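Q: input.txt is the file, holding compact mmCIF, C-alpha atoms and all ligand atoms:
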```txt
# COMPACT_ATOMS: atom_id res chain seq x y z
CA MET A 1 103.39 121.79 100.85
CA CYS A 2 104.43 125.30 99.94
CA GLU A 3 101.43 127.04 98.35
CA ASN A 4 103.26 130.01 96.83
CA HIS A 5 105.54 127.65 94.92
CA LYS A 6 106.22 128.91 91.37
CA SER A 7 107.37 126.46 88.76
CA ASP A 8 110.04 127.68 86.30
CA LYS A 9 109.42 125.11 83.65
CA GLY A 10 111.66 124.86 80.62
CA VAL A 11 113.52 122.53 78.31
CA PHE A 12 116.80 121.42 79.87
CA LEU A 13 119.60 118.99 79.12
CA ALA A 14 120.18 116.39 81.82
CA GLN A 15 123.11 114.03 82.16
CA VAL A 16 122.27 110.42 82.95
CA ARG A 17 123.80 109.07 86.21
CA TYR A 18 122.43 105.55 85.83
CA ASN A 19 119.57 103.60 84.23
CA GLU A 20 119.16 100.31 86.05
CA PRO A 21 116.52 97.58 86.03
CA ILE A 22 114.32 96.96 89.09
CA GLY A 23 113.17 93.37 88.66
CA ASP A 24 111.61 92.24 85.37
CA TYR A 25 109.36 95.21 84.52
CA TYR A 26 110.79 98.51 85.77
CA TYR A 27 113.88 100.70 85.43
CA ARG A 28 115.14 103.51 87.64
CA LEU A 29 116.64 106.41 85.67
CA SER A 30 118.69 108.99 87.53
CA LEU A 31 119.23 112.40 85.91
CA GLU A 32 121.57 115.22 86.88
CA PHE A 33 120.62 118.83 86.08
CA SER A 34 122.97 121.81 86.27
CA GLY A 35 122.48 125.58 85.87
CA LYS A 36 118.87 126.73 85.32
CA GLY A 37 117.62 123.14 85.15
CA ALA A 38 119.06 122.46 88.61
CA ALA A 39 117.33 125.57 90.02
CA SER A 40 113.98 124.69 88.42
CA PHE A 41 113.90 121.05 89.47
CA ALA A 42 115.09 121.88 93.01
CA LYS A 43 111.76 123.72 93.43
CA ALA A 44 109.59 120.93 92.00
CA LYS A 45 106.88 119.28 94.15
CA PRO A 46 105.89 115.62 94.52
CA GLY A 47 103.12 114.92 91.99
CA GLN A 48 104.62 117.14 89.29
CA PHE A 49 106.26 115.44 86.32
CA LEU A 50 108.77 115.79 83.49
CA GLU A 51 108.72 114.82 79.83
CA ILE A 52 111.60 113.00 78.12
CA LYS A 53 112.45 113.44 74.44
CA VAL A 54 112.56 109.86 73.21
CA ASN A 55 112.68 110.15 69.41
CA THR A 56 116.49 110.15 69.34
CA LEU A 57 116.74 106.87 71.25
CA SER A 58 117.30 103.61 69.42
CA ASN A 59 115.78 100.20 70.03
CA PRO A 60 117.72 97.49 71.87
CA ALA A 61 118.70 94.31 70.01
CA ILE A 62 115.53 92.35 69.20
CA LEU A 63 116.34 89.55 71.69
CA ASP A 64 116.65 92.13 74.49
CA ILE A 65 113.08 93.34 73.89
CA PRO A 66 110.41 91.50 75.92
CA GLU A 67 108.62 89.18 73.46
CA HIS A 68 105.19 90.76 73.97
CA LEU A 69 106.61 94.22 73.10
CA ARG A 70 108.56 93.29 69.93
CA ASP A 71 105.78 94.39 67.55
CA ALA A 72 104.92 97.53 69.53
CA SER A 73 108.59 98.56 69.70
CA ARG A 74 108.71 99.07 65.90
CA ARG A 75 106.30 102.04 66.14
CA ASN A 76 107.64 105.57 65.67
CA VAL A 77 107.96 107.64 68.81
CA LEU A 78 107.48 111.29 67.98
CA LEU A 79 106.19 112.74 71.22
CA ARG A 80 107.92 113.32 74.52
CA ARG A 81 106.79 110.93 77.29
CA PRO A 82 105.65 111.98 80.79
CA PHE A 83 107.05 110.52 84.04
CA SER A 84 106.60 111.46 87.70
CA PHE A 85 109.50 111.98 90.05
CA VAL A 86 110.34 109.35 92.63
CA ASP A 87 113.07 111.45 94.24
CA ILE A 88 114.61 114.91 93.92
CA GLN A 89 117.86 115.86 95.65
CA GLU A 90 119.29 119.36 95.57
CA ILE A 91 123.02 118.58 95.84
CA ASP A 92 124.13 122.25 95.64
CA GLU A 93 122.91 125.39 93.86
CA ASN A 94 124.28 124.14 90.54
CA LYS A 95 123.35 120.44 90.78
CA THR A 96 119.98 118.73 91.26
CA VAL A 97 119.44 115.01 90.87
CA VAL A 98 116.01 113.78 89.75
CA ASP A 99 115.08 110.10 89.68
CA ILE A 100 112.17 108.46 87.89
CA ILE A 101 110.98 104.85 87.79
CA TYR A 102 109.45 103.63 84.53
CA LEU A 103 107.53 100.55 83.47
CA VAL A 104 108.69 99.06 80.16
CA THR A 105 105.36 99.01 78.37
CA GLY A 106 105.68 100.21 74.75
CA ALA A 107 107.79 101.73 71.98
CA SER A 108 109.31 104.62 73.99
CA THR A 109 109.97 102.85 77.26
CA VAL A 110 111.58 99.92 75.40
CA ARG A 111 113.95 102.46 73.77
CA MET A 112 114.61 104.08 77.16
CA THR A 113 116.21 100.84 78.39
CA THR A 114 119.19 101.63 76.08
CA ILE A 115 119.98 104.91 77.89
CA CYS A 116 123.52 104.78 79.37
CA PRO A 117 125.40 106.70 82.08
CA GLN A 118 126.80 110.04 80.76
CA ASP A 119 124.17 110.22 77.96
CA GLU A 120 122.45 113.59 77.63
CA LEU A 121 118.65 113.76 77.46
CA SER A 122 116.36 116.65 76.59
CA ILE A 123 113.87 117.07 79.43
CA THR A 124 110.85 119.38 79.70
CA GLY A 125 109.67 120.29 83.17
CA PRO A 126 108.82 120.54 85.95
CA LEU A 127 105.23 120.26 84.67
CA GLY A 128 101.79 120.14 86.27
CA ASN A 129 100.56 121.14 89.70
CA GLY A 130 101.62 118.47 92.26
CA PHE A 131 100.05 117.48 95.61
CA SER A 132 99.05 120.15 98.17
CA ILE A 133 99.12 119.37 101.89
CA ASP A 134 97.85 122.22 104.02
CA SER A 135 98.99 122.76 107.60
CA SER A 136 95.60 121.65 109.09
CA LYS A 137 96.31 118.01 108.19
CA ASP A 138 98.09 115.76 110.68
CA CYS A 139 97.44 112.39 109.04
CA VAL A 140 98.21 111.57 105.40
CA ILE A 141 97.12 108.28 103.87
CA LEU A 142 99.06 107.38 100.72
CA VAL A 143 97.47 104.97 98.24
CA ALA A 144 99.31 103.74 95.13
CA GLY A 145 98.75 101.10 92.48
CA GLY A 146 101.56 99.67 90.28
CA VAL A 147 103.11 102.36 88.14
CA GLY A 148 101.43 104.99 90.37
CA VAL A 149 103.98 104.23 93.11
CA PRO A 150 106.80 106.70 92.16
CA PRO A 151 105.02 110.00 93.02
CA ILE A 152 103.61 108.39 96.19
CA GLU A 153 107.08 107.23 97.30
CA HIS A 154 108.30 110.77 96.59
CA VAL A 155 105.58 112.36 98.73
CA ALA A 156 106.31 109.85 101.56
CA ASN A 157 109.95 110.96 101.60
CA TRP A 158 108.96 114.62 101.36
CA LEU A 159 106.60 114.30 104.34
CA THR A 160 109.14 112.56 106.58
CA LYS A 161 111.66 115.35 105.87
CA ASN A 162 109.38 118.39 105.79
CA ARG A 163 106.27 117.59 107.88
CA LYS A 164 107.43 115.64 110.92
CA ASP A 165 104.10 116.53 112.63
CA VAL A 166 102.20 114.35 110.13
CA LYS A 167 101.48 110.62 110.65
CA THR A 168 101.89 108.89 107.27
CA VAL A 169 100.43 105.49 106.41
CA ALA A 170 100.82 103.87 102.96
CA PHE A 171 98.68 101.35 101.08
CA ILE A 172 100.43 99.88 98.03
CA GLY A 173 98.82 97.55 95.51
CA ALA A 174 100.11 95.71 92.42
CA ARG A 175 99.28 92.74 90.21
CA SER A 176 102.02 90.60 91.76
CA LYS A 177 105.26 90.81 93.77
CA GLY A 178 107.22 91.42 90.53
CA HIS A 179 105.02 94.39 89.66
CA LEU A 180 105.91 96.25 92.88
CA PRO A 181 108.40 98.91 91.68
CA PHE A 182 110.73 98.72 94.71
CA ALA A 183 114.28 97.31 94.78
CA SER A 184 113.58 95.81 98.24
CA THR A 185 110.59 93.73 97.14
CA GLN A 186 112.59 92.08 94.34
CA LYS A 187 114.60 90.08 96.90
CA ALA A 188 113.45 86.46 97.22
CA ASP A 189 112.98 86.71 101.02
CA ALA A 190 111.39 90.21 101.01
CA LYS A 191 108.75 90.72 103.73
CA THR A 192 108.24 94.49 103.72
CA ILE A 193 108.74 97.53 101.50
CA GLU A 194 112.00 98.71 103.06
CA GLU A 195 111.99 102.02 101.15
CA LEU A 196 108.86 103.09 103.10
CA GLU A 197 109.24 101.20 106.40
CA SER A 198 112.83 102.53 106.84
CA ILE A 199 111.53 106.12 106.87
CA GLY A 200 108.86 105.27 109.45
CA VAL A 201 105.86 104.93 107.10
CA GLU A 202 103.63 102.02 108.19
CA THR A 203 102.88 100.20 104.93
CA PHE A 204 100.14 97.76 103.92
CA VAL A 205 100.60 95.83 100.67
CA THR A 206 98.12 93.93 98.52
CA THR A 207 98.68 91.97 95.32
CA ASP A 208 96.00 90.62 92.99
CA ASP A 209 97.53 87.12 93.13
CA GLY A 210 98.55 87.16 96.81
CA SER A 211 102.28 86.78 95.94
CA PHE A 212 103.19 89.62 98.36
CA GLY A 213 101.18 91.08 101.26
CA ASP A 214 97.44 90.40 101.37
CA SER A 215 95.54 89.13 98.38
CA GLY A 216 92.97 91.58 96.96
CA PHE A 217 92.48 95.24 96.14
CA VAL A 218 94.35 97.99 97.91
CA THR A 219 91.17 100.07 98.34
CA ASP A 220 89.50 97.16 100.22
CA ARG A 221 92.52 97.00 102.56
CA LEU A 222 92.24 100.74 103.16
CA GLY A 223 88.49 100.35 103.85
CA LYS A 224 89.25 97.76 106.58
CA TRP A 225 91.92 100.00 108.08
CA LEU A 226 89.56 102.99 108.17
CA SER A 227 86.90 100.87 109.98
CA ALA A 228 89.45 99.63 112.53
CA ASN A 229 91.18 102.96 113.24
CA LYS A 230 89.69 106.07 114.81
CA ILE A 231 91.03 109.08 112.92
CA ASP A 232 89.99 112.73 112.83
CA THR A 233 88.66 112.83 109.27
CA ASN A 234 88.89 116.65 109.11
CA LYS A 235 92.61 116.48 109.75
CA THR A 236 93.22 113.56 107.38
CA LEU A 237 94.12 113.70 103.70
CA ILE A 238 94.37 110.90 101.14
CA LEU A 239 96.90 111.24 98.29
CA SER A 240 96.76 108.69 95.52
CA CYS A 241 98.10 107.65 92.11
CA GLY A 242 97.37 104.52 90.09
CA PRO A 243 95.01 103.03 87.53
CA GLU A 244 91.75 104.97 87.07
CA PRO A 245 89.42 102.16 88.26
CA MET A 246 91.39 102.11 91.52
CA LEU A 247 91.19 105.91 91.81
CA ALA A 248 87.43 105.81 91.14
CA ASN A 249 86.92 103.27 93.97
CA LEU A 250 89.15 105.31 96.23
CA SER A 251 87.16 108.42 95.47
CA LYS A 252 83.91 106.67 96.57
CA LEU A 253 85.57 105.38 99.75
CA ALA A 254 86.98 108.83 100.58
CA GLU A 255 83.58 110.47 100.06
CA LYS A 256 81.80 107.83 102.19
CA SER A 257 84.44 108.27 104.92
CA ASN A 258 84.27 112.07 104.66
CA ILE A 259 88.00 112.42 103.98
CA GLU A 260 89.48 114.85 101.45
CA ALA A 261 91.33 113.02 98.66
CA GLN A 262 93.66 114.19 95.89
CA VAL A 263 94.22 111.86 92.93
CA SER A 264 96.98 112.03 90.34
CA LEU A 265 95.68 110.99 86.90
CA GLU A 266 97.94 109.45 84.25
CA ARG A 267 96.15 110.44 81.03
CA MET A 268 97.69 109.95 77.59
CA MET A 269 99.58 113.17 76.83
CA ALA A 270 101.06 114.79 73.74
CA CYS A 271 102.40 118.32 74.28
CA GLY A 272 102.40 118.26 78.12
CA ILE A 273 101.96 122.05 78.33
CA GLY A 274 98.27 122.71 77.62
CA LEU A 275 98.34 123.26 73.85
CA CYS A 276 97.02 120.11 72.15
CA GLN A 277 93.95 119.36 74.36
CA SER A 278 94.67 115.61 74.20
CA CYS A 279 94.61 115.08 77.97
CA ALA A 280 91.15 116.49 78.79
CA VAL A 281 89.57 115.38 82.09
CA GLU A 282 85.81 115.77 82.63
CA VAL A 283 85.17 117.61 85.88
CA GLU A 284 82.24 119.14 87.72
CA LYS A 285 81.50 122.72 86.74
CA LYS A 286 81.72 125.08 89.70
CA PRO A 287 78.51 127.11 90.29
CA ASP A 288 78.90 130.60 88.75
CA ASN A 289 77.99 133.16 91.43
CA GLN A 290 77.78 136.03 88.93
CA THR A 291 75.18 134.42 86.68
CA ASN A 292 73.52 132.34 89.46
CA ASP A 293 74.21 129.32 87.27
CA ASN A 294 73.84 126.36 89.65
CA SER A 295 73.48 123.75 86.91
CA THR A 296 75.16 120.39 87.42
CA GLU A 297 76.77 120.47 83.98
CA THR A 298 80.33 119.29 83.55
CA THR A 299 83.32 120.91 81.95
CA TYR A 300 86.87 119.89 80.98
CA LYS A 301 90.27 120.58 82.51
CA LEU A 302 93.67 119.61 81.14
CA CYS A 303 95.53 116.86 82.97
CA CYS A 304 98.96 118.26 82.02
CA LYS A 305 98.29 121.88 82.99
CA ASP A 306 95.47 121.92 85.57
CA GLY A 307 96.53 118.52 86.96
CA PRO A 308 97.72 115.83 87.03
CA VAL A 309 96.52 116.14 90.65
CA PHE A 310 92.79 116.79 91.12
CA ASN A 311 90.44 116.81 94.10
CA SER A 312 88.73 113.41 93.81
CA LYS A 313 85.26 114.98 94.20
CA GLU A 314 85.69 117.17 91.14
CA VAL A 315 86.51 114.34 88.68
CA ILE A 316 83.66 112.69 86.74
CA TRP A 317 84.58 108.98 87.00
C1 LIG B 1 101.54 112.72 84.53
C2 LIG B 1 102.02 111.34 84.20
C3 LIG B 1 102.97 110.73 84.98
C4 LIG B 1 103.43 109.44 84.66
N1 LIG B 1 104.37 108.87 85.46
C5 LIG B 1 104.85 107.65 85.16
C6 LIG B 1 105.88 107.07 85.96
O1 LIG B 1 106.34 107.63 86.95
N2 LIG B 1 106.33 105.85 85.58
C7 LIG B 1 105.84 105.17 84.47
O2 LIG B 1 106.28 104.07 84.17
N3 LIG B 1 104.87 105.72 83.71
C8 LIG B 1 104.37 106.94 84.02
N4 LIG B 1 103.40 107.49 83.23
C9 LIG B 1 102.93 106.72 82.05
C10 LIG B 1 103.97 106.83 80.94
O3 LIG B 1 104.02 108.14 80.44
C11 LIG B 1 103.59 105.86 79.81
O4 LIG B 1 103.65 104.53 80.31
C12 LIG B 1 104.57 106.00 78.67
O5 LIG B 1 104.36 107.22 78.01
C13 LIG B 1 104.35 104.87 77.68
O6 LIG B 1 105.08 105.14 76.52
P1 LIG B 1 105.44 103.98 75.49
O7 LIG B 1 105.68 104.61 74.16
O8 LIG B 1 106.48 103.09 76.05
O9 LIG B 1 104.12 103.13 75.45
P2 LIG B 1 102.87 103.36 74.50
O10 LIG B 1 103.07 102.55 73.28
O11 LIG B 1 102.57 104.81 74.36
O12 LIG B 1 101.76 102.70 75.40
C14 LIG B 1 101.91 101.35 75.88
C15 LIG B 1 100.73 101.02 76.74
O13 LIG B 1 100.68 101.89 77.89
C16 LIG B 1 99.45 102.61 77.87
N5 LIG B 1 99.72 103.99 78.27
C17 LIG B 1 100.48 104.88 77.60
N6 LIG B 1 100.50 106.05 78.23
C18 LIG B 1 99.72 105.91 79.32
C19 LIG B 1 99.30 106.76 80.35
N7 LIG B 1 99.65 108.05 80.41
N8 LIG B 1 98.49 106.25 81.32
C20 LIG B 1 98.07 104.99 81.26
N9 LIG B 1 98.43 104.13 80.29
C21 LIG B 1 99.23 104.58 79.33
C22 LIG B 1 98.92 102.54 76.44
O14 LIG B 1 97.50 102.60 76.41
C23 LIG B 1 99.41 101.18 76.00
O15 LIG B 1 98.54 100.16 76.42
C24 LIG B 1 102.91 108.76 83.52
C25 LIG B 1 101.96 109.38 82.73
C26 LIG B 1 101.50 110.64 83.05
C27 LIG B 1 100.49 111.30 82.19
S1 LIG B 2 99.04 117.05 76.71
FE1 LIG B 2 98.62 118.64 75.31
S2 LIG B 2 97.07 119.76 76.36
FE2 LIG B 2 97.69 118.25 77.81
```
Would you kindly transcribe this structure into structure tokens?
Ligand SMILES: Cc1cc2nc3c(=O)[nH]c(=O)nc-3n(C[C@H](O)[C@H](O)[C@H](O)COP(=O)(O)OP(=O)(O)OC[C@H]3O[C@@H](n4cnc5c(N)ncnc54)[C@H](O)[C@@H]3O)c2cc1C
Ligand code: FES

A:
Amino acid sequence: MCENHKSDKGVFLAQVRYNEPIGDYYYRLSLEFSGKGAASFAKAKPGQFLEIKVNTLSNPAILDIPEHLRDASRRNVLLRRPFSFVDIQEIDENKTVVDIIYLVTGASTVRMTTICPQDELSITGPLGNGFSIDSSKDCVILVAGGVGVPPIEHVANWLTKNRKDVKTVAFIGARSKGHLPFASTQKADAKTIEELESIGVETFVTTDDGSFGDSGFVTDRLGKWLSANKIDTNKTLILSCGPEPMLANLSKLAEKSNIEAQVSLERMMACGIGLCQSCAVEVEKKPDNQTNDNSTETTYKLCCKDGPVFNSKEVIW
């Protein structure tokens, strides 16, 4: 992925194209940017994110709110909320379409279900660093859990368009079939994740309850695949996003298998631009050559500014 990429982040108005449910838990929101917003988002990388201003949105009618979220939905929502991209399409120099997929999980995302086509939303972005895939890699293993799927689906599409030399394999995990954020897996007779298989990405799926794919953890399925397949570990890269316990297991597996891994962390965020310090991530301190300080102390980086993508070895799990 282009290393000299420069992000022109800003606050832009986007017009909503659609906001449609995917099964019982997720929505796909499609946003159209014009002018400077279109130019900025056209340059964004998979793994970067945007923030949506949610405090102007109203709640749906009480009966349209999932029962377990009715209490939570009464809370005030002051801060913008972060979401990764699942797709970016540069239509022309004055129009860029950015899609996100969100899980309805609390006060802001409940309100987001009321967003309608033609609405205008205030969006900050593109934010964060994104994944980096250098030219020495010819095999990329994608690993996603639940709500970590969108940036991984985005990178899968990016690779098939921009790095045809790379073999891409995906491992997707979720609690159950309904928690897989793909339109294709919501069909009653679904057998595969069509969004990934149709672009030539071999995909292995696990669910905690065995309702789709194999039963068990996605990292265990990857472990089996690594034992059964001979790969050049120096030329292989793992890219991952999902719950932190999954990322911690993945990090151990990657280290044991001697494969470089990048993980995208979804920390709670407030400002999203490095000011409030609420998204600190404990990382290993690099040895300081000038002071000969080789201590194994740790330090902190900011998930919104230095991340959300980190080398898995640097994160203190
Ligand atoms: C860089 C980044 C990218 C993200 N991308 C996506 C995405 O593509 N799709 C998506 O659905 N969500 C994504 N998230 C998480 C999303 O921002 C939160 O789910 C959302 O802000 C919840 O807002 P809420 O007010 O509805 O819920 P809240 O009331 O704020 O929280 C509801 C529940 O979700 C948990 N939660 C809230 N924020 C996070 C978080 N950042 N990580 C883990 N748990 C959280 C809370 O602990 C609580 O249990 C991302 C987060 C980050 C930091
Ligand atoms: S969210 Fe404010 S510093 Fe990261």

Q: Do you know which residues are within 8 Å of ligand LIG 2 (chain B) using only C-alpha atoms and all ligand atoms? Can you write them as a PDB file with C-alpha atoms, in the frame of the given file?

A:
```
ATOM      1  CA  MET A 268      97.690 109.950  77.590  1.00  0.00           C
ATOM      2  CA  MET A 269      99.580 113.170  76.830  1.00  0.00           C
ATOM      3  CA  ALA A 270     101.060 114.790  73.740  1.00  0.00           C
ATOM      4  CA  CYS A 271     102.400 118.320  74.280  1.00  0.00           C
ATOM      5  CA  GLY A 272     102.400 118.260  78.120  1.00  0.00           C
ATOM      6  CA  ILE A 273     101.960 122.050  78.330  1.00  0.00           C
ATOM      7  CA  GLY A 274      98.270 122.710  77.620  1.00  0.00           C
ATOM      8  CA  LEU A 275      98.340 123.260  73.850  1.00  0.00           C
ATOM      9  CA  CYS A 276      97.020 120.110  72.150  1.00  0.00           C
ATOM     10  CA  GLN A 277      93.950 119.360  74.360  1.00  0.00           C
ATOM     11  CA  SER A 278      94.670 115.610  74.200  1.00  0.00           C
ATOM     12  CA  CYS A 279      94.610 115.080  77.970  1.00  0.00           C
ATOM     13  CA  ALA A 280      91.150 116.490  78.790  1.00  0.00           C
ATOM     14  CA  LEU A 302      93.670 119.610  81.140  1.00  0.00           C
ATOM     15  CA  CYS A 303      95.530 116.860  82.970  1.00  0.00           C
ATOM     16  CA  CYS A 304      98.960 118.260  82.020  1.00  0.00           C
ATOM     17  CA  LYS A 305      98.290 121.880  82.990  1.00  0.00           C
TER      18      LYS A 305
END
```

Q: Residues up to 8 Å from ligand LIG 1 (chain B), counting all atoms listed in the file: could you list those as an MDAnalysis selection string?

A: chainID A and resid 26 47:50 72:73 75 77 80:86 100:111 128 147:151 243 264:269 303:304 308

Q: Separation of atom CA of A:Glu202 and atom CA of A:Gly223, in Å?

A: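 Taking atom CA of A:Glu202 and atom CA of A:Gly223, their separation equals 15.8 Å.
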
Q: In Å, with one decimal, what is the gap from atom CA of A:Ser198 to atom CA of A:Gly146?

A: 20.2 Å

Q: Considering only C-alpha atoms, can you say which of A:Asp92, A:Asp24, A:Asp8, A:Asp306 comes closest to A:Leu180?

A: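 Looking only at the distances to A:Leu180, the closest residue turns out to be A:Asp24.
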
Q: Kindly indicate which residue among A:Pro117, A:Gly178, A:Gly35, A:Gly213 lies nearest to A:Phe12, using only C-alpha atoms for the distances.

A: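 Selected residue with least distance to A:Phe12: A:Gly35.
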
Q: Which residue is closest to A:Asp119? Choose from A:Val97, A:Ala174, A:Val309, A:Leu13 and count all atoms listed in the file.

A: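 Of A:Val97, A:Ala174, A:Val309, A:Leu13, the one nearest A:Asp119 is A:Leu13, counting all atoms listed in the file.
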
Q: Is it possible to get the axis-aligned box enclosing stretch 41-60 of chain A (all listed atoms, 3 Å extra per side) as lines of an AutoDock Vina configuration file, with centre and edge lengths in Å rounded to one decimal?

A:
```
center_x = 110.4
center_y = 110.6
center_z = 81.9
size_x = 20.6
size_y = 32.2
size_z = 31.2
```

Q: Within 6 Å of (100.1, 115.7, 106.8), all atoms listed in the file: residues as number ranges by chain?

A: A: 137-140, 166

Q: Do you have the atom CA of A:Leu29-atom CA of A:Gly200 distance handy?

A: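 Atom CA of A:Gly200 lies at a distance of 25.0 Å from atom CA of A:Leu29.
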
Q: Which of these, A:Glu260, A:Asp134, A:Asp87, A:Asp232, has the shortest distance to A:Glu32 once you count all atoms listed in the file?

A: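 The shortest atom-to-atom distance to A:Glu32 comes from A:Asp87.
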
Q: Using only C-alpha atoms, which residue out of A:Val218, A:Lys301, A:Ser136, A:Phe182 lies closest to A:Asp165?

A: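 Among A:Val218, A:Lys301, A:Ser136, A:Phe182, it is A:Ser136 that comes nearest to A:Asp165.
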